[in-house]
file data18.tsv (TSV, C-alpha atoms)
chain	number	residue	atom	x	y	z
B	1	MET	CA	62.66	105.43	91.53
B	2	SER	CA	63.48	107.27	94.68
B	3	GLY	CA	63.66	106.97	98.42
B	4	LEU	CA	65.89	103.92	98.56
B	5	ARG	CA	67.67	103.06	101.76
B	6	VAL	CA	71.27	101.97	101.42
B	7	LEU	CA	73.53	100.04	103.75
B	8	VAL	CA	77.22	100.62	103.11
B	9	GLY	CA	80.02	98.61	104.66
B	10	CYS	CA	83.43	99.99	105.53
B	11	LYS	CA	86.48	98.38	107.05
B	12	ARG	CA	89.32	99.85	109.04
B	13	VAL	CA	92.58	98.65	107.51
B	14	ILE	CA	96.26	99.53	107.70
B	15	ASP	CA	96.80	102.69	105.64
B	16	TYR	CA	97.76	102.04	102.04
B	17	ALA	CA	100.91	104.15	102.33
B	18	VAL	CA	102.31	102.21	105.31
B	19	LYS	CA	105.10	99.70	104.80
B	20	ILE	CA	103.70	96.37	106.06
B	21	ARG	CA	105.87	94.36	108.45
B	22	VAL	CA	105.33	90.70	109.28
B	23	ARG	CA	104.98	89.84	112.98
B	24	PRO	CA	107.92	87.93	114.51
B	25	ASP	CA	105.65	84.86	115.07
B	26	SER	CA	104.81	84.99	111.31
B	27	LEU	CA	101.10	84.53	111.96
B	28	GLY	CA	100.10	88.05	110.99
B	29	VAL	CA	101.35	91.57	110.43
B	30	VAL	CA	102.30	94.30	112.90
B	31	THR	CA	99.27	96.50	113.62
B	32	ASP	CA	100.25	98.21	116.89
B	33	GLY	CA	101.16	101.86	116.45
B	34	VAL	CA	100.55	101.65	112.71
B	35	LYS	CA	98.44	104.24	110.93
B	36	HIS	CA	95.02	102.91	109.96
B	37	SER	CA	92.44	104.37	107.61
B	38	MET	CA	89.38	103.39	105.66
B	39	ASN	CA	89.74	100.69	103.01
B	40	PRO	CA	90.04	102.60	99.66
B	41	PHE	CA	87.43	100.42	97.93
B	42	ASP	CA	84.96	101.16	100.74
B	43	GLU	CA	85.52	104.86	100.08
B	44	ASN	CA	84.32	104.19	96.53
B	45	ALA	CA	81.27	102.42	97.95
B	46	ILE	CA	80.36	105.34	100.22
B	47	GLU	CA	81.00	107.89	97.50
B	48	GLU	CA	78.61	106.03	95.19
B	49	ALA	CA	75.90	106.01	97.86
B	50	VAL	CA	76.40	109.74	98.49
B	51	ARG	CA	76.19	110.51	94.77
B	52	MET	CA	72.98	108.48	94.52
B	53	LYS	CA	71.64	110.52	97.40
B	54	GLN	CA	72.54	113.74	95.61
B	55	LYS	CA	70.63	112.44	92.58
B	56	LYS	CA	67.67	111.85	94.92
B	57	ILE	CA	67.62	108.13	94.21
B	58	VAL	CA	68.59	107.38	97.78
B	59	LYS	CA	66.88	108.65	100.90
B	60	GLU	CA	69.09	107.38	103.69
B	61	ILE	CA	72.63	106.03	103.90
B	62	VAL	CA	73.50	103.80	106.84
B	63	VAL	CA	77.17	102.92	107.19
B	64	ALA	CA	78.29	99.86	109.14
B	65	SER	CA	81.68	98.63	110.24
B	66	CYS	CA	82.82	95.56	112.17
B	67	GLY	CA	85.98	95.94	114.18
B	68	PRO	CA	87.62	97.19	117.37
B	69	SER	CA	86.59	100.44	119.07
B	70	GLN	CA	88.85	102.46	116.73
B	71	SER	CA	86.56	101.49	113.86
B	72	GLN	CA	84.37	104.36	115.09
B	73	GLU	CA	86.86	106.76	113.51
B	74	THR	CA	86.38	105.00	110.18
B	75	ILE	CA	82.61	105.29	110.55
B	76	ARG	CA	83.08	108.97	111.45
B	77	THR	CA	85.01	109.51	108.22
B	78	ALA	CA	82.18	107.85	106.28
B	79	LEU	CA	79.66	110.11	108.04
B	80	ALA	CA	81.82	113.11	107.12
B	81	MET	CA	81.69	112.00	103.49
B	82	GLY	CA	77.91	112.15	103.60
B	83	ALA	CA	76.42	109.06	105.25
B	84	ASP	CA	73.47	109.70	107.59
B	85	ARG	CA	74.10	107.38	110.49
B	86	GLY	CA	76.44	104.64	111.58
B	87	ILE	CA	76.36	101.16	113.06
B	88	HIS	CA	79.42	99.88	114.85
B	89	VAL	CA	79.55	96.15	115.47
B	90	GLU	CA	82.23	95.97	118.08
B	91	VAL	CA	84.65	93.08	118.01
B	92	PRO	CA	87.17	93.00	120.87
B	93	ALA	CA	90.63	94.29	119.92
B	94	GLY	CA	93.02	91.44	119.27
B	95	THR	CA	90.41	89.15	117.79
B	96	ASP	CA	89.51	91.60	115.02
B	97	ALA	CA	92.30	90.26	112.79
B	98	ASP	CA	90.53	86.87	112.98
B	99	LEU	CA	87.24	88.33	111.76
B	100	GLN	CA	86.76	86.51	108.50
B	101	PRO	CA	84.52	87.27	105.50
B	102	LEU	CA	82.03	84.56	106.51
B	103	ALA	CA	81.50	86.16	109.93
B	104	VAL	CA	81.24	89.65	108.43
B	105	ALA	CA	78.71	88.44	105.85
B	106	LYS	CA	76.65	86.84	108.65
B	107	ILE	CA	76.75	90.08	110.67
B	108	PHE	CA	75.69	92.08	107.62
B	109	SER	CA	72.83	89.72	106.83
B	110	LYS	CA	71.53	90.31	110.38
B	111	LEU	CA	71.94	94.07	109.90
B	112	VAL	CA	69.96	93.82	106.66
B	113	GLU	CA	67.19	92.01	108.56
B	114	LYS	CA	67.16	94.86	111.09
B	115	GLU	CA	67.57	97.86	108.80
B	116	LYS	CA	65.69	96.55	105.75
B	117	PRO	CA	67.74	98.42	103.14
B	118	ASP	CA	66.94	98.25	99.42
B	119	LEU	CA	70.58	98.16	98.46
B	120	VAL	CA	73.85	97.09	100.05
B	121	ILE	CA	77.10	98.57	98.72
B	122	LEU	CA	80.46	97.19	99.83
B	123	GLY	CA	84.02	97.64	98.67
B	124	LYS	CA	85.06	94.80	96.39
B	125	GLN	CA	87.85	93.74	98.74
B	126	ALA	CA	89.85	95.01	101.68
B	127	ILE	CA	93.47	95.89	101.07
B	128	ASP	CA	94.59	93.93	104.13
B	129	ASP	CA	93.31	90.38	103.55
B	130	ASP	CA	92.30	90.84	99.87
B	131	ALA	CA	89.61	88.20	100.36
B	132	ASN	CA	87.00	89.56	97.92
B	133	GLN	CA	84.35	87.26	99.44
B	134	THR	CA	82.05	89.27	101.69
B	135	THR	CA	79.79	90.63	98.92
B	136	GLN	CA	79.35	87.25	97.31
B	137	LEU	CA	78.70	85.47	100.63
B	138	LEU	CA	76.22	88.14	101.68
B	139	ALA	CA	74.32	88.00	98.38
B	140	GLY	CA	74.14	84.23	98.77
B	141	MET	CA	72.85	84.40	102.34
B	142	LEU	CA	70.19	86.98	101.49
B	143	ASP	CA	69.36	85.33	98.16
B	144	TRP	CA	69.63	88.75	96.51
B	145	PRO	CA	71.14	89.49	93.10
B	146	GLN	CA	74.73	90.64	93.14
B	147	GLY	CA	76.72	93.07	91.01
B	148	THR	CA	80.34	92.68	91.94
B	149	MET	CA	83.26	94.91	90.86
B	150	ALA	CA	80.96	97.63	89.60
B	151	SER	CA	82.56	100.42	87.63
B	152	VAL	CA	79.29	102.12	86.60
B	153	VAL	CA	75.93	101.96	88.37
B	154	ASN	CA	72.75	103.43	86.89
B	155	ALA	CA	69.28	103.27	88.38
B	156	ALA	CA	66.12	103.23	86.28
B	157	ASP	CA	62.61	101.74	86.56
B	158	GLY	CA	63.25	99.94	89.83
B	159	ARG	CA	66.30	98.17	88.43
B	160	LEU	CA	70.01	98.81	88.44
B	161	THR	CA	72.23	98.59	85.39
B	162	ILE	CA	75.75	97.73	86.45
B	163	THR	CA	78.89	97.68	84.39
B	164	ARG	CA	81.28	95.14	85.86
B	165	GLU	CA	85.02	94.97	85.43
B	166	ILE	CA	85.85	91.41	84.41
B	167	ASP	CA	88.88	89.70	82.94
B	168	GLY	CA	89.56	91.13	79.54
B	169	GLY	CA	86.80	93.73	79.44
B	170	LEU	CA	83.52	95.02	80.79
B	171	GLU	CA	80.18	93.30	81.35
B	172	ASP	CA	76.79	95.02	81.60
B	173	ILE	CA	74.18	93.42	83.80
B	174	SER	CA	70.76	94.45	85.00
B	175	VAL	CA	69.61	93.49	88.50
B	176	SER	CA	66.35	93.92	90.36
B	177	LEU	CA	66.21	95.42	93.84
B	178	PRO	CA	67.02	94.63	96.59
B	179	ALA	CA	70.59	93.88	95.52
B	180	VAL	CA	74.18	93.73	96.75
B	181	ILE	CA	76.87	95.68	94.91
B	182	SER	CA	80.62	95.76	95.37
B	183	ALA	CA	82.52	98.83	94.26
B	184	ASP	CA	85.58	98.75	92.06
B	185	LEU	CA	88.31	101.38	91.93
B	186	ARG	CA	87.04	103.12	88.81
B	187	LEU	CA	83.47	103.53	90.04
B	188	ASN	CA	84.10	107.13	91.16
B	189	GLU	CA	86.59	109.45	92.82
B	190	PRO	CA	85.93	109.48	96.56
B	191	ARG	CA	85.67	112.91	98.14
B	192	TYR	CA	88.00	114.10	100.86
B	193	ALA	CA	86.56	114.17	104.40
B	194	THR	CA	87.32	117.79	105.34
B	195	LEU	CA	87.83	118.99	108.90
B	196	PRO	CA	84.54	120.95	109.09
B	197	ASN	CA	82.64	117.92	107.78
B	198	ILE	CA	84.32	115.65	110.32
B	199	MET	CA	83.30	118.07	113.08
B	200	LYS	CA	79.73	118.12	111.78
B	201	ALA	CA	79.75	114.32	111.57
B	202	LYS	CA	80.30	114.16	115.34
B	203	LYS	CA	76.63	115.08	115.75
B	204	LYS	CA	75.48	112.08	113.71
B	205	LYS	CA	74.48	108.96	115.59
B	206	ILE	CA	76.54	105.78	115.76
B	207	GLU	CA	74.69	102.78	117.13
B	208	LYS	CA	76.80	100.20	118.95
B	209	MET	CA	76.22	96.48	118.69
B	210	THR	CA	78.10	93.28	119.31
B	211	PRO	CA	78.10	90.04	117.30
B	212	GLU	CA	76.47	88.34	120.34
B	213	ASN	CA	73.59	90.88	120.27
B	214	LEU	CA	73.00	89.94	116.66
B	215	GLY	CA	73.30	86.23	117.39
B	216	VAL	CA	76.31	85.67	115.17
B	217	ASP	CA	79.11	83.29	115.96
B	218	ILE	CA	82.37	84.85	114.80
B	219	THR	CA	84.78	82.07	115.70
B	220	PRO	CA	87.20	81.81	112.79
B	221	ARG	CA	86.75	78.79	110.51
B	222	LEU	CA	90.09	79.26	108.82
B	223	LYS	CA	93.45	79.03	110.51
B	224	ILE	CA	96.39	81.14	109.41
B	225	LEU	CA	99.42	78.86	109.16
B	226	ASN	CA	102.12	81.22	107.98
B	227	VAL	CA	102.60	84.79	106.82
B	228	VAL	CA	105.77	85.68	104.93
B	229	ASP	CA	107.25	88.72	103.23
B	230	PRO	CA	107.14	88.78	99.45
B	231	PRO	CA	110.44	87.75	97.82
B	232	VAL	CA	112.99	90.55	97.66
B	233	ARG	CA	113.91	91.72	94.19
B	234	GLN	CA	117.43	90.63	93.27
B	235	ALA	CA	120.06	93.26	92.64
B	236	GLY	CA	120.97	94.07	89.05
B	237	GLU	CA	124.37	93.92	87.45
B	238	LYS	CA	126.42	96.60	85.70
B	239	VAL	CA	128.02	95.74	82.38
B	240	PRO	CA	131.10	97.56	81.05
B	241	ASP	CA	130.06	97.88	77.39
B	242	VAL	CA	127.47	97.10	74.75
B	243	SER	CA	129.02	93.86	73.52
B	244	THR	CA	128.93	92.32	77.02
B	245	LEU	CA	125.33	93.46	77.34
B	246	MET	CA	124.42	91.72	74.07
B	247	GLU	CA	126.21	88.59	75.18
B	248	LYS	CA	124.39	88.56	78.52
B	249	LEU	CA	121.04	89.08	76.83
B	250	LYS	CA	121.72	86.26	74.38
B	251	GLU	CA	122.78	84.02	77.25
B	252	LYS	CA	119.45	84.61	78.98
B	253	GLY	CA	117.53	84.09	75.76
B	254	HIS	CA	116.11	87.62	75.48
B	255	LEU	CA	117.48	88.06	71.96
R	1	MET	CA	84.81	145.98	112.01
R	2	ALA	CA	82.51	143.06	111.40
R	3	SER	CA	84.29	142.15	108.19
R	4	HIS	CA	87.58	142.34	110.04
R	5	CYS	CA	86.34	139.76	112.55
R	6	ASN	CA	85.09	137.57	109.73
R	7	LEU	CA	88.42	137.72	107.96
R	8	ARG	CA	90.24	136.86	111.13
R	9	ARG	CA	87.95	133.89	111.66
R	10	SER	CA	88.36	132.57	108.16
R	11	VAL	CA	92.14	132.88	108.37
R	12	ILE	CA	92.17	130.84	111.59
R	13	GLN	CA	89.75	128.33	110.04
R	14	LEU	CA	91.97	128.01	106.97
R	15	TYR	CA	95.03	127.50	109.11
R	16	LYS	CA	93.35	124.77	111.16
R	17	GLU	CA	92.10	122.98	108.08
R	18	LEU	CA	95.51	123.08	106.45
R	19	GLN	CA	97.21	121.77	109.58
R	20	PHE	CA	94.67	118.93	109.66
R	21	MET	CA	95.31	118.10	106.02
R	22	GLY	CA	99.05	118.14	106.65
R	23	ARG	CA	98.80	114.97	108.72
R	24	GLU	CA	98.68	112.86	105.59
R	25	TYR	CA	101.32	114.76	103.63
R	26	PRO	CA	103.71	112.33	101.86
R	27	ALA	CA	106.84	114.14	103.05
R	28	GLY	CA	105.57	114.08	106.64
R	29	ALA	CA	103.26	116.24	108.73
R	30	ASP	CA	106.19	118.12	110.30
R	31	TYR	CA	107.54	119.20	106.95
R	32	PHE	CA	104.18	120.44	105.72
R	33	ASN	CA	103.07	122.11	108.93
R	34	LYS	CA	106.32	124.05	109.27
R	35	LYS	CA	106.04	125.34	105.71
R	36	CYS	CA	102.40	126.16	106.25
R	37	LYS	CA	103.16	128.09	109.43
R	38	ALA	CA	105.96	130.00	107.73
R	39	ALA	CA	103.64	130.97	104.89
R	40	PHE	CA	101.07	132.33	107.35
R	41	LEU	CA	103.69	134.16	109.41
R	42	LYS	CA	105.10	135.78	106.29
R	43	ASN	CA	101.82	137.64	105.78
R	44	LYS	CA	100.92	138.25	109.40
R	45	ASP	CA	101.30	142.03	109.10
R	46	GLU	CA	98.95	142.30	106.14
R	47	LYS	CA	96.27	144.90	106.92
R	48	ASP	CA	94.56	145.46	103.60
R	49	PRO	CA	91.26	143.47	103.69
R	50	GLU	CA	91.31	142.94	99.93
R	51	LYS	CA	94.78	141.49	100.04
R	52	ILE	CA	93.85	139.26	102.97
R	53	GLU	CA	90.88	138.02	100.99
R	54	MET	CA	93.21	137.24	98.10
R	55	LEU	CA	95.57	135.34	100.39
R	56	ILE	CA	92.68	133.32	101.84
R	57	ASN	CA	91.61	132.40	98.32
R	58	ARG	CA	95.13	131.31	97.57
R	59	GLY	CA	95.00	129.11	100.67
R	60	ARG	CA	91.72	127.58	99.48
R	61	PHE	CA	93.37	126.87	96.15
R	62	VAL	CA	96.26	125.12	97.91
R	63	GLN	CA	93.70	123.04	99.82
R	64	LYS	CA	92.12	121.88	96.57
R	65	GLU	CA	95.54	121.00	95.20
R	66	ILE	CA	96.42	118.94	98.27
R	67	GLU	CA	93.11	117.09	98.08
R	68	ALA	CA	93.81	116.28	94.44
R	69	LEU	CA	97.32	115.16	95.33
R	70	TYR	CA	96.05	112.77	98.00
R	71	SER	CA	93.35	111.20	95.89
R	72	LEU	CA	95.65	110.81	92.91
R	73	ARG	CA	98.33	109.25	95.09
R	74	LYS	CA	95.87	106.77	96.53
R	75	TYR	CA	94.40	105.95	93.12
R	76	ARG	CA	97.86	105.36	91.66
R	77	ALA	CA	98.89	103.13	94.58
R	78	MET	CA	95.74	101.02	94.18
R	79	LYS	CA	96.14	100.83	90.43
R	80	GLN	CA	99.73	99.75	90.72
R	81	ARG	CA	98.85	97.14	93.30
R	82	TYR	CA	95.83	95.59	91.65
R	83	TYR	CA	95.63	96.52	88.00
R	84	ASP	CA	98.93	97.27	86.35
R	85	LYS	CA	99.85	93.65	85.76
R	86	ASP	CA	96.52	93.03	84.02
R	87	GLU	CA	96.97	96.17	82.02
R	88	MET	CA	100.39	94.99	80.93
R	89	ASP	CA	98.96	91.62	79.91
R	90	LYS	CA	96.25	93.36	77.90
R	91	GLN	CA	98.84	95.52	76.21
R	92	SER	CA	101.08	92.59	75.35
R	93	LYS	CA	98.09	90.65	74.01
R	94	LYS	CA	97.17	93.60	71.83
R	95	ILE	CA	100.70	93.70	70.46
R	96	GLU	CA	100.69	89.93	69.88
R	97	ASN	CA	97.43	90.15	67.95
R	98	PHE	CA	98.83	93.03	65.96
R	99	ILE	CA	101.91	91.03	65.04
R	100	LYS	CA	99.75	88.04	64.05
R	101	GLN	CA	97.80	90.22	61.64
R	102	LEU	CA	101.01	91.26	59.90
call {"tool": "encode", "arguments": {"input": "data18.tsv", "output": "structure tokens"}}
result
Amino acid sequence: MSGLRVLVGCKRVIDYAVKIRVRPDSLGVVTDGVKHSMNPFDENAIEEAVRMKQKKIVKEIVVASCGPSQSQETIRTALAMGADRGIHVEVPAGTDADLQPLAVAKIFSKLVEKEKPDLVILGKQAIDDDANQTTQLLAGMLDWPQGTMASVVNAADGRLTITREIDGGLEDISVSLPAVISADLRLNEPRYATLPNIMKAKKKKIEKMTPENLGVDITPRLKILNVVDPPVRQAGEKVPDVSTLMEKLKEKGHL
Amino acid sequence: MASHCNLRRSVIQLYKELQFMGREYPAGADYFNKKCKAAFLKNKDEKDPEKIEMLINRGRFVQKEIEALYSLRKYRAMKQRYYDKDEMDKQSKKIENFIKQL
């Protein structure tokens, strides 16, 4: 099996190291002037595609992202990691936070129609909305088999063997191609996009599209009612000696 | 002379790459970039090509270390956010089963 074409999805999200702040209107989080980077699970997805290319299973890697114009930087990072070309589906800034998994899955199913890949690899979820829906929706729309939360992917005889991370253990499944896969954290260790590679990636092509071009309606179907901070951890208490500590523990039923 | 030019180029290249990597440094880009600059300035008068080569290799080693630091930091953050609770549950279940067997 060789010469597959892969479509990989990546999302631009608020960097994992940034402290998230809720917007004063409590309908979202503050994104202005906040450092963004590629969704860590999407890095796993791209890394897997690149490794498959190095093993000569894959011929071409196309990376696609839906989002505002800054999403191009995310695509650029993916190209620096080893993807061949990019597709940027531009969603006007401001409405990008409303872009929901259903709309993204619809956009991707149109891209699949256009690009005719043999395999789609996505991150299992984005660290901003944690929806974990796009892969499943896309597989449903395309009527392709799906291997979600993959921690090992092996290709042989025109099929893929996928080890999935499920509650309480691992599950091995075998799927035929074309298929949709979502990458879990333990699938691989993503490589670092070095400066020289980022410079080289500037020569690779990024095609621009809009949801209207693709004939996809991205009006949100879900309405966000309220966004709140997680509860703050309560302060502890100092005890003067061991006997008080034992008493307190007994009181709370820990002993 | 040619090798001298090459060395000069790779030193500049190394410096640029390190400054770029510094942007993500946990203690802040300023902190890292200042230290990085100081380290380069300390050896600015080095003339021996062999020694320069050695210093460049040391720089490359530092680069690898920083890359490892970043990926480990990200992996740990993700694991803590999404997996550690499950892991804890698994562990406690294991212990429960163990106790039952006793």
call {"tool": "residues_around", "arguments": {"input": "data18.tsv", "residues": "Asn6 in chain R", "least_positions_apart": "6", "cutoff": "12 Å", "atoms": "all atoms listed in the file", "output": "PyMOL selection string"}}
result
chain R and resi 12-13+49+52-53+56
call {"tool": "interface_residues", "arguments": {"input": "data18.tsv", "of": "chain B", "to": "chain R", "cutoff": "10 Å", "atoms": "all atoms listed in the file", "output": "list in words"}}
result
Tyr16, Ala17, Pro40, Phe41, Ile127, Asp167, Gly168, Gly169, Leu185, Arg186, Glu189, Pro190, Arg191, Tyr192, Ala193, Thr194, Leu195 and Pro196 of chain B
call {"tool": "axis_aligned_box", "arguments": {"input": "data18.tsv", "around": "range 165-173 of chain B", "padding_each_side": "8 Å", "output": "JSON"}}
result
{"center_x": 81.9, "center_y": 92.4, "center_z": 82.4, "size_x": 31.4, "size_y": 21.3, "size_z": 22.0}
call {"tool": "residues_around", "arguments": {"input": "data18.tsv", "residues": "Asn213 in chain B", "least_positions_apart": "4", "cutoff": "10 Å", "atoms": "all atoms listed in the file", "output": "MDAnalysis selection string"}}
result
chainID B and resid 89 208:209
call {"tool": "atom_distance", "arguments": {"input": "data18.tsv", "atom1": "CA of Pro24 in chain B", "atom2": "CA of His36 in chain B"}}
result
20.3 Å
call {"tool": "atom_distance", "arguments": {"input": "data18.tsv", "atom1": "CA of Val58 in chain B", "atom2": "CA of Asp84 in chain B"}}
result
11.2 Å
call {"tool": "residues_around", "arguments": {"input": "data18.tsv", "residues": "Gly22 in chain R", "least_positions_apart": "5", "cutoff": "10 Å", "atoms": "all atoms listed in the file", "output": "PyMOL selection string"}}
result
chain R and resi 16-17+27-34+36+63+66
call {"tool": "residues_around", "arguments": {"input": "data18.tsv", "residues": "Val50 in chain B", "least_positions_apart": "4", "cutoff": "7 Å", "atoms": "only C-alpha atoms", "output": "short mmCIF file (atom, residue, chain, number, x, y, z; two decimals) with C-alpha atoms, in the frame of the given file"}}
result
data_model
loop_
_atom_site.label_atom_id
_atom_site.label_comp_id
_atom_site.auth_asym_id
_atom_site.auth_seq_id
_atom_site.Cartn_x
_atom_site.Cartn_y
_atom_site.Cartn_z
CA ILE B 46 80.36 105.34 100.22
CA GLN B 54 72.54 113.74 95.61
CA GLY B 82 77.91 112.15 103.60
CA ALA B 83 76.42 109.06 105.25
#
call {"tool": "atom_distance", "arguments": {"input": "data18.tsv", "atom1": "CA of Val11 in chain R", "atom2": "CA of Glu65 in chain R"}}
result
18.1 Å
call {"tool": "closest_residue", "arguments": {"input": "data18.tsv", "among": "R:Lys100, R:Gln80, R:Tyr15, R:His4", "to": "Leu41 in chain R", "atoms": "all atoms listed in the file"}}
result
R:Tyr15
call {"tool": "residues_around", "arguments": {"input": "data18.tsv", "residues": "range 177-179 of chain B", "least_positions_apart": "5", "cutoff": "7 Å", "atoms": "all atoms listed in the file", "output": "PyMOL selection string"}}
result
chain B and resi 118-120+144-146+158-159
call {"tool": "closest_residue", "arguments": {"input": "data18.tsv", "among": "B:Pro230, B:Pro211, B:Pro117, B:Gly253", "to": "Leu4 in chain B", "atoms": "only C-alpha atoms"}}
result
B:Pro117
call {"tool": "closest_residue", "arguments": {"input": "data18.tsv", "among": "B:Asp229, B:Glu43, B:Glu171, B:Glu237", "to": "Arg23 in chain B", "atoms": "all atoms listed in the file"}}
result
B:Asp229
call {"tool": "decode", "arguments": {"input": "data18.tsv", "residues": "range 140-156 of chain B", "atoms": "N, CA, C and O atoms", "output": "tab-separated table (two decimals), in the first residue's frame"}}
result
chain	number	residue	atom	x	y	z
B	140	GLY	N	-19.64	10.37	9.66
B	140	GLY	CA	-21.05	10.13	9.38
B	140	GLY	C	-21.47	10.72	8.05
B	140	GLY	O	-22.16	10.08	7.25
B	141	MET	N	-21.05	11.97	7.80
B	141	MET	CA	-21.45	12.65	6.55
B	141	MET	C	-20.89	11.94	5.32
B	141	MET	O	-21.52	11.86	4.29
B	142	LEU	N	-19.64	11.46	5.44
B	142	LEU	CA	-18.99	10.83	4.30
B	142	LEU	C	-19.38	9.37	4.17
B	142	LEU	O	-19.13	8.75	3.14
B	143	ASP	N	-19.94	8.81	5.26
B	143	ASP	CA	-20.24	7.39	5.34
B	143	ASP	C	-18.96	6.57	5.20
B	143	ASP	O	-18.89	5.59	4.48
B	144	TRP	N	-17.91	7.05	5.88
B	144	TRP	CA	-16.62	6.36	5.91
B	144	TRP	C	-16.44	5.74	7.29
B	144	TRP	O	-17.01	6.24	8.27
B	145	PRO	N	-15.62	4.68	7.40
B	145	PRO	CA	-15.33	4.16	8.73
B	145	PRO	C	-14.51	5.15	9.55
B	145	PRO	O	-13.78	5.97	8.97
B	146	GLN	N	-14.67	5.09	10.87
B	146	GLN	CA	-13.92	6.02	11.71
B	146	GLN	C	-13.11	5.28	12.77
B	146	GLN	O	-13.55	4.27	13.30
B	147	GLY	N	-11.93	5.81	13.04
B	147	GLY	CA	-11.09	5.30	14.12
B	147	GLY	C	-10.74	6.46	15.01
B	147	GLY	O	-9.81	7.21	14.73
B	148	THR	N	-11.54	6.64	16.07
B	148	THR	CA	-11.32	7.83	16.91
B	148	THR	C	-10.36	7.50	18.03
B	148	THR	O	-10.21	6.36	18.43
B	149	MET	N	-9.72	8.56	18.55
B	149	MET	CA	-8.76	8.46	19.67
B	149	MET	C	-7.71	7.40	19.42
B	149	MET	O	-7.46	6.53	20.26
B	150	ALA	N	-7.07	7.48	18.27
B	150	ALA	CA	-6.08	6.47	17.91
B	150	ALA	C	-4.79	6.70	18.68
B	150	ALA	O	-4.31	7.82	18.78
B	151	SER	N	-4.24	5.60	19.24
B	151	SER	CA	-2.94	5.74	19.86
B	151	SER	C	-1.87	4.96	19.10
B	151	SER	O	-0.68	5.15	19.32
B	152	VAL	N	-2.30	4.07	18.20
B	152	VAL	CA	-1.37	3.41	17.27
B	152	VAL	C	-2.10	3.25	15.94
B	152	VAL	O	-3.27	2.90	15.92
B	153	VAL	N	-1.43	3.56	14.84
B	153	VAL	CA	-2.02	3.33	13.52
B	153	VAL	C	-1.02	2.55	12.68
B	153	VAL	O	0.13	2.95	12.55
B	154	ASN	N	-1.46	1.41	12.15
B	154	ASN	CA	-0.60	0.63	11.25
B	154	ASN	C	-1.34	0.39	9.95
B	154	ASN	O	-2.54	0.14	9.95
B	155	ALA	N	-0.60	0.47	8.84
B	155	ALA	CA	-1.22	0.25	7.54
B	155	ALA	C	-0.70	-1.04	6.94
B	155	ALA	O	0.51	-1.31	6.97
B	156	ALA	N	-1.62	-1.86	6.44
B	156	ALA	CA	-1.22	-3.11	5.76
B	156	ALA	C	-2.35	-3.60	4.89
B	156	ALA	O	-3.51	-3.56	5.29
